[in-house]
>>> print(open('model_38.txt').read())   # compact mmCIF, C-alpha atoms and all ligand atoms
# COMPACT_ATOMS: atom_id res chain seq x y z
CA MET A 229 105.36 68.54 95.81
CA HIS A 230 105.49 69.42 92.11
CA ILE A 231 105.42 73.09 91.12
CA LEU A 232 104.77 74.48 87.65
CA ILE A 233 106.68 77.67 86.86
CA SER A 234 105.58 79.75 83.89
CA GLY A 235 108.49 81.69 82.34
CA ALA A 236 112.17 80.85 81.83
CA GLY A 237 113.51 84.41 82.13
CA VAL A 238 115.37 85.26 85.32
CA ALA A 239 112.80 84.80 88.11
CA GLY A 240 111.59 81.36 86.88
CA PRO A 241 114.97 79.61 86.74
CA ALA A 242 116.07 81.39 89.96
CA VAL A 243 113.13 80.02 91.97
CA ALA A 244 113.59 76.57 90.38
CA PHE A 245 117.24 76.69 91.48
CA TRP A 246 116.23 76.91 95.13
CA LEU A 247 113.16 74.68 94.98
CA GLN A 248 115.13 71.80 93.50
CA ARG A 249 117.66 72.18 96.32
CA TYR A 250 114.84 71.82 98.82
CA GLY A 251 113.75 68.61 97.13
CA ILE A 252 110.71 70.12 95.39
CA GLU A 253 110.03 68.96 91.84
CA THR A 254 109.78 71.77 89.26
CA THR A 255 108.65 72.12 85.66
CA ILE A 256 109.24 75.36 83.74
CA VAL A 257 107.05 76.14 80.75
CA GLU A 258 108.36 78.88 78.45
CA ARG A 259 106.36 80.40 75.65
CA ALA A 260 109.38 81.06 73.41
CA PRO A 261 110.59 78.11 71.31
CA LYS A 262 113.99 78.24 73.03
CA LEU A 263 115.68 80.08 75.89
CA ARG A 264 115.53 83.81 75.20
CA VAL A 265 119.04 85.06 75.40
CA ASP A 266 118.23 88.55 74.14
CA GLY A 267 118.16 91.75 76.16
CA PHE A 268 120.81 94.17 77.26
CA ALA A 269 122.59 95.08 80.43
CA VAL A 270 121.01 94.39 83.82
CA ASP A 271 122.78 95.07 87.05
CA PHE A 272 123.14 94.02 90.65
CA ARG A 273 123.91 96.42 93.45
CA GLY A 274 123.85 96.35 97.23
CA SER A 275 124.11 93.68 99.87
CA ALA A 276 120.84 91.80 99.20
CA HIS A 277 121.48 91.16 95.49
CA LEU A 278 125.07 90.09 96.07
CA ALA A 279 124.23 88.00 99.16
CA VAL A 280 121.67 85.93 97.23
CA LEU A 281 124.02 85.41 94.27
CA SER A 282 126.67 84.37 96.76
CA ARG A 283 124.32 81.97 98.58
CA MET A 284 123.46 80.47 95.18
CA GLY A 285 127.19 79.92 94.70
CA ILE A 286 127.16 81.75 91.35
CA LEU A 287 128.57 85.18 92.28
CA ASP A 288 131.99 84.39 90.78
CA GLU A 289 130.41 83.10 87.58
CA VAL A 290 128.30 86.26 87.38
CA ARG A 291 131.38 88.42 87.92
CA ALA A 292 133.16 86.49 85.16
CA ILE A 293 130.59 87.64 82.59
CA GLN A 294 130.28 91.25 83.73
CA THR A 295 130.28 93.98 81.14
CA ASN A 296 132.93 96.20 82.81
CA MET A 297 131.05 99.13 81.39
CA GLY A 298 132.76 102.53 81.56
CA THR A 299 131.58 106.14 81.67
CA GLN A 300 128.44 107.38 79.93
CA THR A 301 128.79 110.79 78.26
CA VAL A 302 126.01 113.10 77.15
CA VAL A 303 126.89 114.67 73.80
CA SER A 304 125.66 117.60 71.72
CA ALA A 305 124.32 117.19 68.17
CA SER A 306 127.87 117.60 66.88
CA GLY A 307 129.19 114.96 69.31
CA GLU A 308 130.86 117.31 71.81
CA PRO A 309 130.80 116.00 75.40
CA LEU A 310 128.43 117.93 77.69
CA ALA A 311 128.40 115.85 80.88
CA SER A 312 129.53 112.42 82.04
CA LEU A 313 128.35 109.88 84.52
CA PRO A 314 130.58 107.46 86.40
CA PRO A 315 130.03 103.77 85.50
CA GLU A 316 128.44 102.65 88.78
CA PHE A 317 125.58 105.14 88.31
CA MET A 318 124.15 103.21 85.35
CA SER A 319 125.78 99.81 85.84
CA GLY A 320 125.62 99.12 89.58
CA GLU A 321 128.24 96.90 91.21
CA VAL A 322 128.06 93.99 88.77
CA GLU A 323 126.49 94.47 85.35
CA VAL A 324 125.81 91.53 83.04
CA LEU A 325 123.82 90.90 79.89
CA ARG A 326 120.33 89.67 80.63
CA GLY A 327 120.66 86.86 78.09
CA GLU A 328 123.95 85.63 79.55
CA LEU A 329 122.44 85.65 83.05
CA SER A 330 119.41 83.72 81.83
CA ALA A 331 121.70 81.16 80.16
CA LEU A 332 123.75 80.82 83.36
CA LEU A 333 120.64 80.16 85.45
CA HIS A 334 119.39 77.66 82.87
CA GLU A 335 122.73 75.85 82.99
CA HIS A 336 122.47 75.57 86.80
CA THR A 337 118.91 74.21 86.76
CA LYS A 338 118.47 72.17 83.60
CA ASP A 339 119.60 68.85 85.12
CA HIS A 340 116.95 68.90 87.85
CA THR A 341 114.15 70.99 86.38
CA GLU A 342 112.02 69.93 83.45
CA TYR A 343 112.02 72.68 80.79
CA ILE A 344 109.21 72.79 78.21
CA PHE A 345 109.74 75.36 75.44
CA GLY A 346 107.25 76.63 72.90
CA ASP A 347 104.18 76.14 75.08
CA HIS A 348 102.16 78.15 77.58
CA VAL A 349 99.36 77.83 80.08
CA THR A 350 95.85 78.40 78.70
CA GLY A 351 93.74 77.20 81.63
CA LEU A 352 94.11 76.94 85.40
CA HIS A 353 91.48 75.14 87.49
CA GLU A 354 92.09 74.91 91.19
CA THR A 355 90.82 71.90 93.14
CA THR A 356 91.14 71.10 96.83
CA SER A 357 94.35 69.19 96.23
CA GLY A 358 96.06 70.97 93.36
CA VAL A 359 95.78 72.92 90.13
CA ASP A 360 94.71 71.33 86.85
CA VAL A 361 96.60 73.07 84.09
CA GLU A 362 95.87 73.12 80.37
CA PHE A 363 98.53 74.06 77.85
CA ALA A 364 98.28 75.58 74.38
CA SER A 365 99.79 72.40 72.93
CA GLY A 366 96.69 70.49 74.08
CA SER A 367 98.47 68.68 76.90
CA SER A 368 97.45 69.02 80.54
CA GLY A 369 98.81 68.24 83.98
CA ARG A 370 98.15 68.49 87.69
CA TYR A 371 100.50 70.48 89.90
CA ASP A 372 100.44 71.35 93.59
CA LEU A 373 101.21 75.00 92.94
CA VAL A 374 101.76 77.36 90.01
CA ILE A 375 104.30 80.21 89.99
CA GLY A 376 103.71 82.93 87.40
CA ALA A 377 107.22 84.18 86.55
CA ASP A 378 106.32 85.10 82.99
CA GLY A 379 107.26 88.76 82.96
CA LEU A 380 105.54 92.10 82.58
CA HIS A 381 102.89 90.69 80.23
CA SER A 382 102.30 87.57 82.34
CA GLY A 383 99.87 84.98 81.01
CA VAL A 384 99.37 83.39 84.45
CA ARG A 385 98.46 86.80 85.88
CA ALA A 386 95.90 87.37 83.13
CA LEU A 387 94.31 83.97 83.76
CA THR A 388 94.14 84.27 87.55
CA PHE A 389 93.99 87.97 88.42
CA GLY A 390 92.53 89.60 85.32
CA PRO A 391 93.57 91.61 82.28
CA GLU A 392 96.88 93.48 82.21
CA SER A 393 95.16 96.87 81.86
CA ARG A 394 94.01 96.57 85.49
CA PHE A 395 97.53 96.24 86.85
CA ARG A 396 99.90 98.01 84.44
CA ARG A 397 100.76 101.65 85.18
CA TYR A 398 102.22 103.41 82.15
CA HIS A 399 104.94 105.98 82.87
CA GLY A 400 104.78 107.98 79.65
CA TYR A 401 107.73 106.47 77.78
CA TYR A 402 108.70 103.66 75.40
CA LEU A 403 112.02 101.95 75.19
CA ALA A 404 113.54 100.19 72.21
CA GLY A 405 116.94 98.58 71.95
CA PHE A 406 118.92 96.30 69.71
CA PRO A 407 122.44 94.85 69.48
CA MET A 408 124.90 96.22 66.92
CA ASP A 409 128.16 94.84 65.56
CA GLU A 410 130.10 97.93 66.59
CA PHE A 411 129.97 101.69 66.96
CA PRO A 412 133.26 102.98 65.55
CA GLY A 413 135.55 104.55 68.13
CA LEU A 414 133.44 103.55 71.14
CA VAL A 415 135.13 101.12 73.54
CA ASN A 416 133.82 100.37 77.04
CA ALA A 417 131.82 103.56 77.15
CA GLY A 418 128.39 104.98 76.41
CA LEU A 419 127.14 108.06 74.54
CA MET A 420 123.75 109.66 74.91
CA TYR A 421 122.07 112.39 72.88
CA ASN A 422 118.82 114.16 73.73
CA GLU A 423 116.19 116.33 72.14
CA PRO A 424 112.98 117.13 74.05
CA GLY A 425 111.18 113.86 74.84
CA ARG A 426 113.74 111.83 72.87
CA GLY A 427 116.83 110.03 74.11
CA VAL A 428 119.16 107.96 71.98
CA ALA A 429 122.15 106.11 73.38
CA VAL A 430 124.83 103.70 72.27
CA SER A 431 126.99 101.68 74.59
CA SER A 432 129.83 99.39 73.94
CA ASN A 433 131.09 97.14 76.71
CA ALA A 434 133.18 94.01 77.04
CA ARG A 435 130.20 91.81 76.02
CA MET A 436 128.19 93.75 73.43
CA THR A 437 127.46 97.00 71.59
CA ASP A 438 123.87 98.17 71.59
CA ALA A 439 121.64 101.10 70.74
CA LEU A 440 118.79 102.31 72.92
CA PHE A 441 115.93 104.70 72.16
CA VAL A 442 113.78 106.11 74.99
CA PHE A 443 110.95 108.44 74.00
CA HIS A 444 107.95 110.16 75.47
CA SER A 445 104.59 109.13 74.00
CA PRO A 446 100.97 108.59 74.88
CA ASP A 447 100.15 104.97 75.70
CA LEU A 448 99.94 103.21 72.33
CA GLY A 449 98.38 100.00 73.65
CA ARG A 450 99.26 96.97 71.54
CA VAL A 451 101.94 97.99 69.03
CA ALA A 452 101.90 96.01 65.78
CA ASP A 453 104.97 97.55 64.14
CA PRO A 454 107.43 98.81 66.76
CA LYS A 455 110.12 99.72 64.19
CA ARG A 456 107.68 102.09 62.45
CA VAL A 457 106.78 103.66 65.82
CA VAL A 458 110.46 104.26 66.66
CA ALA A 459 111.28 105.56 63.16
CA ASP A 460 108.37 108.04 63.30
CA ALA A 461 109.30 109.20 66.80
CA TYR A 462 112.91 109.91 65.71
CA ALA A 463 112.22 111.19 62.18
CA ASN A 464 113.86 114.59 62.73
CA VAL A 465 116.27 113.84 65.53
CA GLY A 466 119.92 114.77 64.99
CA TRP A 467 123.37 113.42 65.98
CA GLU A 468 123.92 109.79 64.82
CA THR A 469 120.21 109.01 64.91
CA PRO A 470 119.60 108.51 61.15
CA ARG A 471 122.47 105.97 61.05
CA LEU A 472 121.13 104.17 64.13
CA LEU A 473 117.63 104.07 62.62
CA ASP A 474 119.11 102.42 59.51
CA GLU A 475 120.67 99.79 61.78
CA MET A 476 117.36 99.33 63.57
CA TRP A 477 115.54 98.54 60.32
CA ARG A 478 118.10 95.79 59.68
CA THR A 479 117.99 94.16 63.12
CA GLU A 480 115.97 91.02 63.81
CA ASP A 481 116.48 91.51 67.52
CA LEU A 482 114.50 94.58 68.57
CA TYR A 483 113.42 94.74 72.21
CA PHE A 484 110.48 97.13 72.51
CA ASP A 485 108.23 97.84 75.46
CA SER A 486 106.56 100.65 77.34
CA ILE A 487 108.12 101.84 80.58
CA SER A 488 105.45 100.51 82.91
CA THR A 489 105.14 99.06 86.37
CA VAL A 490 102.82 96.33 87.62
CA HIS A 491 100.78 96.83 90.79
CA LEU A 492 98.58 94.22 92.46
CA ASP A 493 96.84 94.20 95.82
CA ARG A 494 98.15 90.70 96.45
CA PHE A 495 100.77 88.49 94.90
CA SER A 496 98.89 85.20 95.25
CA THR A 497 95.46 83.74 94.99
CA GLY A 498 94.78 80.18 96.10
CA ARG A 499 97.58 77.97 94.79
CA VAL A 500 98.91 80.50 92.27
CA VAL A 501 101.60 83.05 93.11
CA LEU A 502 103.37 85.73 91.06
CA LEU A 503 107.12 86.31 91.08
CA GLY A 504 109.36 88.93 89.45
CA ASP A 505 108.09 91.26 86.75
CA ALA A 506 104.77 89.38 86.58
CA GLY A 507 103.89 90.54 90.09
CA TYR A 508 105.77 93.81 90.58
CA GLY A 509 107.87 94.56 87.51
CA GLY A 510 109.16 97.75 86.02
CA THR A 511 110.57 97.83 82.50
CA CYS A 512 113.70 99.78 83.30
CA GLY A 513 115.19 101.57 86.29
CA GLY A 514 113.26 99.40 88.75
CA MET A 515 116.07 96.97 89.56
CA GLY A 516 113.80 94.18 88.27
CA THR A 517 116.55 91.61 87.85
CA GLY A 518 118.03 92.01 91.32
CA ALA A 519 114.53 92.02 92.81
CA ALA A 520 113.65 88.83 90.89
CA ILE A 521 116.74 87.03 92.25
CA VAL A 522 116.08 88.18 95.82
CA CYS A 523 112.34 87.42 95.76
CA ALA A 524 112.88 83.97 94.19
CA TYR A 525 115.16 83.16 97.12
CA VAL A 526 112.49 84.27 99.62
CA LEU A 527 109.57 82.50 97.90
CA ALA A 528 111.42 79.18 97.62
CA GLY A 529 112.75 79.44 101.17
CA GLU A 530 109.29 80.05 102.60
CA LEU A 531 107.82 77.16 100.58
CA ALA A 532 110.49 74.87 101.99
CA ARG A 533 109.55 75.91 105.52
CA ALA A 534 105.76 75.91 105.63
CA ASP A 535 102.47 75.01 103.93
CA TYR A 536 101.80 77.06 100.80
CA ARG A 537 99.24 79.42 102.41
CA THR A 538 101.65 80.42 105.16
CA ALA A 539 104.53 80.55 102.69
CA PHE A 540 102.70 82.83 100.22
CA ALA A 541 101.64 85.17 103.04
CA ARG A 542 105.19 85.31 104.47
CA TYR A 543 106.68 85.85 101.01
CA GLU A 544 104.39 88.79 100.38
CA SER A 545 104.96 90.35 103.78
CA LEU A 546 108.75 90.01 103.39
CA VAL A 547 109.04 91.42 99.87
CA ARG A 548 106.18 93.87 99.31
CA SER A 549 107.70 97.07 100.65
CA TYR A 550 111.07 96.10 99.15
CA VAL A 551 109.75 95.70 95.61
CA THR A 552 107.56 98.80 95.90
CA GLY A 553 110.69 100.80 96.78
CA CYS A 554 112.58 99.36 93.80
CA GLN A 555 109.70 100.12 91.41
CA LYS A 556 109.89 103.84 92.18
CA GLY A 557 113.03 104.01 90.02
CA ALA A 558 111.05 102.86 86.97
CA GLY A 559 108.72 105.83 87.37
CA ARG A 560 111.70 108.21 87.14
CA ALA A 561 113.71 106.43 84.41
CA GLY A 562 111.99 107.92 81.33
CA GLY A 563 112.22 111.50 82.58
CA PHE A 564 115.89 111.00 83.29
CA LEU A 565 116.83 109.35 79.99
CA ALA A 566 114.62 111.57 77.81
CA PRO A 567 113.58 114.79 79.60
CA ARG A 568 110.56 116.37 77.92
CA THR A 569 111.74 119.96 77.46
CA SER A 570 115.04 121.70 76.63
CA ALA A 571 115.07 123.25 80.11
CA GLN A 572 114.65 119.80 81.68
CA ILE A 573 117.47 118.42 79.53
CA ARG A 574 119.77 121.22 80.72
CA ARG A 575 118.73 120.60 84.34
CA ARG A 576 119.39 116.85 83.94
CA ASP A 577 122.84 117.57 82.48
CA ARG A 578 123.64 119.85 85.41
CA THR A 579 122.62 117.00 87.74
CA TYR A 580 124.92 114.63 85.83
CA LYS A 581 127.80 117.08 86.30
CA LEU A 582 127.13 117.28 90.01
CA LEU A 583 126.78 113.51 90.31
CA SER A 584 130.17 112.97 88.74
CA LYS A 585 131.83 114.81 91.63
CA PRO A 586 133.26 112.02 93.85
CA LEU A 587 131.45 113.08 97.02
CA LEU A 588 128.04 113.19 95.33
CA THR A 589 128.69 110.01 93.35
CA GLY A 590 129.22 108.27 96.67
CA PHE A 591 126.07 109.82 98.11
CA PHE A 592 123.94 108.84 95.09
CA ASN A 593 125.33 105.30 95.11
CA LYS A 594 124.43 105.04 98.77
CA LEU A 595 120.83 106.04 97.95
CA THR A 596 120.30 103.45 95.18
CA THR A 597 122.17 100.79 97.09
CA ARG A 598 119.98 101.47 100.12
CA THR A 599 116.82 100.79 98.08
CA ALA A 600 118.32 97.63 96.56
CA SER A 601 119.32 96.36 100.01
CA ALA A 602 116.18 97.32 101.95
CA ILE A 603 115.14 93.80 102.91
CA SER A 604 116.29 91.56 105.73
CA LEU A 605 117.00 88.23 104.13
CA PRO A 606 116.00 85.23 106.20
CA ASP A 607 118.61 82.50 106.38
CA TYR A 608 117.04 79.49 104.70
CA ARG A 609 120.18 77.43 104.55
CA LEU A 610 119.73 73.74 105.18
CA PRO A 611 121.92 72.24 107.94
CA ALA A 612 124.12 70.61 105.24
CA ASP A 613 124.81 74.02 103.71
CA VAL A 614 126.10 75.56 106.92
CA ARG A 615 129.82 75.19 106.84
C1 LIG B 1 113.63 89.65 75.78
C2 LIG B 1 113.79 90.46 77.04
C3 LIG B 1 114.75 91.47 77.08
C4 LIG B 1 114.91 92.23 78.23
N1 LIG B 1 115.87 93.19 78.23
C5 LIG B 1 116.10 93.91 79.33
C6 LIG B 1 117.14 94.87 79.38
O1 LIG B 1 117.84 95.09 78.40
N2 LIG B 1 117.33 95.59 80.52
C7 LIG B 1 116.55 95.37 81.63
O2 LIG B 1 116.77 95.99 82.67
N3 LIG B 1 115.56 94.45 81.62
C8 LIG B 1 115.31 93.72 80.50
N4 LIG B 1 114.31 92.79 80.49
C9 LIG B 1 113.51 92.62 81.71
C10 LIG B 1 114.28 91.84 82.77
O3 LIG B 1 114.71 90.62 82.23
C11 LIG B 1 113.36 91.63 83.94
O4 LIG B 1 112.95 92.89 84.47
C12 LIG B 1 113.98 90.93 85.13
O5 LIG B 1 115.07 90.16 84.79
C13 LIG B 1 112.94 90.09 85.86
O6 LIG B 1 112.83 88.88 85.19
P1 LIG B 1 111.52 88.01 85.05
O7 LIG B 1 112.03 86.62 84.96
O8 LIG B 1 110.52 88.37 86.07
O9 LIG B 1 110.91 88.46 83.65
P2 LIG B 1 111.49 88.26 82.19
O10 LIG B 1 112.96 88.31 82.17
O11 LIG B 1 110.73 89.18 81.33
O12 LIG B 1 111.11 86.74 81.82
C14 LIG B 1 109.80 86.31 81.57
C15 LIG B 1 109.87 85.06 80.72
O13 LIG B 1 108.54 84.56 80.55
C16 LIG B 1 108.31 84.25 79.20
N5 LIG B 1 106.87 84.34 78.96
C17 LIG B 1 106.13 85.44 78.67
N6 LIG B 1 104.83 85.12 78.58
C18 LIG B 1 104.75 83.79 78.83
C19 LIG B 1 103.66 82.87 78.92
N7 LIG B 1 102.40 83.26 78.72
N8 LIG B 1 103.93 81.57 79.20
C20 LIG B 1 105.22 81.15 79.40
N9 LIG B 1 106.28 81.99 79.34
C21 LIG B 1 106.04 83.28 79.05
C22 LIG B 1 109.16 85.24 78.44
O14 LIG B 1 109.42 84.78 77.13
C23 LIG B 1 110.40 85.31 79.31
O15 LIG B 1 111.32 84.31 78.97
C24 LIG B 1 114.09 92.01 79.36
C25 LIG B 1 113.12 90.99 79.32
C26 LIG B 1 112.96 90.21 78.18
C27 LIG B 1 111.92 89.11 78.13
>>> encode(input="model_38.txt", output="structure tokens", more="lines below")
Ligand SMILES: Cc1cc2nc3c(=O)[nH]c(=O)nc-3n(C[C@H](O)[C@H](O)[C@H](O)COP(=O)(O)OP(=O)(O)OC[C@H]3O[C@@H](n4cnc5c(N)ncnc54)[C@H](O)[C@@H]3O)c2cc1C
Amino acid sequence: MHILISGAGVAGPAVAFWLQRYGIETTIVERAPKLRVDGFAVDFRGSAHLAVLSRMGILDEVRAIQTNMGTQTVVSASGEPLASLPPEFMSGEVEVLRGELSALLHEHTKDHTEYIFGDHVTGLHETTSGVDVEFASGSSGRYDLVIGADGLHSGVRALTFGPESRFRRYHGYYLAGFPMDEFPGLVNAGLMYNEPGRGVAVSSNARMTDALFVFHSPDLGRVADPKRVVADAYANVGWETPRLLDEMWRTEDLYFDSISTVHLDRFSTGRVVLLGDAGYGGTCGGMGTGAAIVCAYVLAGELARADYRTAFARYESLVRSYVTGCQKGAGRAGGFLAPRTSAQIRRRDRTYKLLSKPLLTGFFNKLTTRTASAISLPDYRLPADVR
């Protein structure tokens, strides 16, 4: 069996990791010219995320690159602290940089998986015995199955299921972030400032310093000049915002996307299946990275056990309610990071204050951890793995 995986983010390399262990040949095609090591903090929380990382044998390596992020404090326009949140609220149990995680997964798969950078799928034609695939470079190939792990704006999904507009649900907010050299005086901590419908945050952890803008907006569709959109949205916003906007204009590394979730009636059609953000993503707050790791484990395990039809059906029945639960967080993220009115900002700050009381912190952590762990993981270990 030879499987083509589109996308070398997190889900693609994670599923290749398992497939190669089960003796299945894998090729990953990535649109970017090289591995994308950009992006900010992503976190793992709860038993399912940590169990899969542990079964992959990489939990210690993941812990070794964690951000060790500290408290996040909401500040007034003059920088006075208004409310603080304990680290685990935003950063889960183990927080790492997305780019460093992607690099780690690439390192663990590159010897047994063929990686093709700077190319993407332009045509998929299913036959009775496989899928004939055409690539933008003009090359072509035949594969037994195709996994679309190419993110929120998946090309494989567009080719097989239809245009993104049919599946993307916009949640009223955009998010923009970029790395910075430093933010003077900020060490292992985060600061956040709000005006109605606008949130601006800086965090500095053991691995990087970054700025993040989250703002309410109508759906802008395809955005040609994201820096202009952010600058206009924050034109009159106070605190350190003008300085951060100056930094933004200088960065070559802006991550910009809408806060959206992806919803499909089914995750596969014929020999093509979707994994990670491509099938059920959420831009932020939806535990997309943990879900991608868990679902890659399930998809590969089912493919190792049964024919692809049975495997795709089992994969979907095992993960659907889990990923739907995780996605709910993405629907709430914008309203939490950038409440739309002054009254909502005050209410959010009061909630922060309550959540920082130890008893309630524990209760809240239990709630998010419960969602992140709400799947019973089959044991796919091969006899040789059982020690
Ligand atoms: C640059 C970047 C920065 C991110 N930053 C954050 C962050 O700071 N915080 C956070 O919580 N989440 C972030 N995410 C999202 C997060 O990585 C995912 O939610 C999660 O890890 C699930 O991963 P995924 O592999 O399904 O998708 P992704 O990590 O998005 O990976 C998809 C991969 O597919 C590639 N791709 C896209 N289209 C095609 C195509 N047509 N053909 C081939 N390859 C294609 C992309 O370049 C990317 O490498 C970021 C994603 C990206 C791409």
>>> residues_around(input="model_38.txt", residues="range 496-507 of chain A", least_positions_apart="2", cutoff="7 Å", atoms="only C-alpha atoms", output="PyMOL selection string")
chain A and resi 239+373-382+385+490+492+494+509-510+516+519-520+524+540
>>> write_last_selection(input="model_38.txt", atoms="C-alpha atoms", output="mmCIF file, in the frame of the given file")
data_model
loop_
_atom_site.group_PDB
_atom_site.id
_atom_site.type_symbol
_atom_site.label_atom_id
_atom_site.label_comp_id
_atom_site.auth_asym_id
_atom_site.auth_seq_id
_atom_site.Cartn_x
_atom_site.Cartn_y
_atom_site.Cartn_z
ATOM 1 C CA ALA A 239 112.800 84.800 88.110
ATOM 2 C CA LEU A 373 101.210 75.000 92.940
ATOM 3 C CA VAL A 374 101.760 77.360 90.010
ATOM 4 C CA ILE A 375 104.300 80.210 89.990
ATOM 5 C CA GLY A 376 103.710 82.930 87.400
ATOM 6 C CA ALA A 377 107.220 84.180 86.550
ATOM 7 C CA ASP A 378 106.320 85.100 82.990
ATOM 8 C CA GLY A 379 107.260 88.760 82.960
ATOM 9 C CA LEU A 380 105.540 92.100 82.580
ATOM 10 C CA HIS A 381 102.890 90.690 80.230
ATOM 11 C CA SER A 382 102.300 87.570 82.340
ATOM 12 C CA ARG A 385 98.460 86.800 85.880
ATOM 13 C CA VAL A 490 102.820 96.330 87.620
ATOM 14 C CA LEU A 492 98.580 94.220 92.460
ATOM 15 C CA ARG A 494 98.150 90.700 96.450
ATOM 16 C CA GLY A 509 107.870 94.560 87.510
ATOM 17 C CA GLY A 510 109.160 97.750 86.020
ATOM 18 C CA GLY A 516 113.800 94.180 88.270
ATOM 19 C CA ALA A 519 114.530 92.020 92.810
ATOM 20 C CA ALA A 520 113.650 88.830 90.890
ATOM 21 C CA ALA A 524 112.880 83.970 94.190
ATOM 22 C CA PHE A 540 102.700 82.830 100.220
#
>>> atom_distance(input="model_38.txt", atom1="CA of Ala311 in chain A", atom2="CA of Gly562 in chain A")
18.2 Å
>>> closest_residue(input="model_38.txt", among="A:Ser357, A:Thr511, A:Thr599, A:Ser584", to="ligand LIG 1 (chain B)", atoms="only C-alpha atoms and all ligand atoms")
A:Thr511
>>> axis_aligned_box(input="model_38.txt", around="ligand LIG 1 (chain B)", padding_each_side="3 Å", output="lines of an AutoDock Vina configuration file")
center_x = 110.1
center_y = 88.6
center_z = 80.9
size_x = 21.4
size_y = 20.8
size_z = 16.3
>>> closest_residue(input="model_38.txt", among="A:Val270, A:Ala602, A:Ile256, A:Leu595", to="ligand LIG 1 (chain B)", atoms="all atoms listed in the file")
A:Val270
>>> atom_distance(input="model_38.txt", atom1="CA of Gly298 in chain A", atom2="CA of Asp271 in chain A")
13.6 Å
>>> closest_residue(input="model_38.txt", among="A:Phe495, A:Trp246, A:Phe317, A:Tyr608", to="Phe591 in chain A", atoms="only C-alpha atoms")
A:Phe317
>>> closest_residue(input="model_38.txt", among="A:Ala452, A:Met297, A:Val415, A:Cys512", to="ligand LIG 1 (chain B)", atoms="all atoms listed in the file")
A:Cys512
>>> closest_residue(input="model_38.txt", among="A:Gly390, A:Gly518, A:Pro314, A:Gly351", to="Thr597 in chain A", atoms="all atoms listed in the file")
A:Gly518
>>> atom_distance(input="model_38.txt", atom1="CA of Gly346 in chain A", atom2="atom O14 of ligand LIG 1 (chain B)")
9.4 Å
>>> residues_around(input="model_38.txt", residues="Phe564 in chain A", least_positions_apart="4", cutoff="10 Å", atoms="only C-alpha atoms", output="PyMOL selection string")
chain A and resi 427+442+513+559-560+568+572-573+576-577
>>> decode(input="model_38.txt", residues="range 536-547 of chain A", atoms="N, CA and C atoms", output="PDB file, in the first residue's frame")
ATOM      1  N   TYR A 536      -9.638  -0.258   3.429  1.00  0.00           N
ATOM      2  CA  TYR A 536      -9.783   1.196   3.616  1.00  0.00           C
ATOM      3  C   TYR A 536     -11.231   1.627   3.873  1.00  0.00           C
ATOM      4  N   ARG A 537     -12.198   0.925   3.283  1.00  0.00           N
ATOM      5  CA  ARG A 537     -13.608   1.346   3.500  1.00  0.00           C
ATOM      6  C   ARG A 537     -13.977   1.191   4.970  1.00  0.00           C
ATOM      7  N   THR A 538     -13.641   0.007   5.510  1.00  0.00           N
ATOM      8  CA  THR A 538     -13.934  -0.243   6.929  1.00  0.00           C
ATOM      9  C   THR A 538     -13.142   0.733   7.800  1.00  0.00           C
ATOM     10  N   ALA A 539     -11.874   0.939   7.420  1.00  0.00           N
ATOM     11  CA  ALA A 539     -11.007   1.805   8.232  1.00  0.00           C
ATOM     12  C   ALA A 539     -11.536   3.240   8.255  1.00  0.00           C
ATOM     13  N   PHE A 540     -11.933   3.768   7.097  1.00  0.00           N
ATOM     14  CA  PHE A 540     -12.426   5.154   7.050  1.00  0.00           C
ATOM     15  C   PHE A 540     -13.712   5.291   7.885  1.00  0.00           C
ATOM     16  N   ALA A 541     -14.579   4.263   7.784  1.00  0.00           N
ATOM     17  CA  ALA A 541     -15.842   4.323   8.540  1.00  0.00           C
ATOM     18  C   ALA A 541     -15.566   4.256  10.046  1.00  0.00           C
ATOM     19  N   ARG A 542     -14.638   3.391  10.454  1.00  0.00           N
ATOM     20  CA  ARG A 542     -14.298   3.265  11.886  1.00  0.00           C
ATOM     21  C   ARG A 542     -13.645   4.556  12.397  1.00  0.00           C
ATOM     22  N   TYR A 543     -12.742   5.082  11.590  1.00  0.00           N
ATOM     23  CA  TYR A 543     -12.054   6.341  11.946  1.00  0.00           C
ATOM     24  C   TYR A 543     -13.086   7.422  12.219  1.00  0.00           C
ATOM     25  N   GLU A 544     -14.030   7.559  11.296  1.00  0.00           N
ATOM     26  CA  GLU A 544     -15.024   8.624  11.469  1.00  0.00           C
ATOM     27  C   GLU A 544     -15.886   8.371  12.700  1.00  0.00           C
ATOM     28  N   SER A 545     -16.297   7.103  12.885  1.00  0.00           N
ATOM     29  CA  SER A 545     -17.184   6.871  14.034  1.00  0.00           C
ATOM     30  C   SER A 545     -16.423   7.052  15.356  1.00  0.00           C
ATOM     31  N   LEU A 546     -15.112   6.795  15.353  1.00  0.00           N
ATOM     32  CA  LEU A 546     -14.349   6.962  16.599  1.00  0.00           C
ATOM     33  C   LEU A 546     -14.055   8.417  16.919  1.00  0.00           C
ATOM     34  N   VAL A 547     -13.844   9.256  15.866  1.00  0.00           N
ATOM     35  CA  VAL A 547     -13.376  10.621  16.175  1.00  0.00           C
ATOM     36  C   VAL A 547     -14.432  11.715  16.038  1.00  0.00           C
TER      37      VAL A 547
END
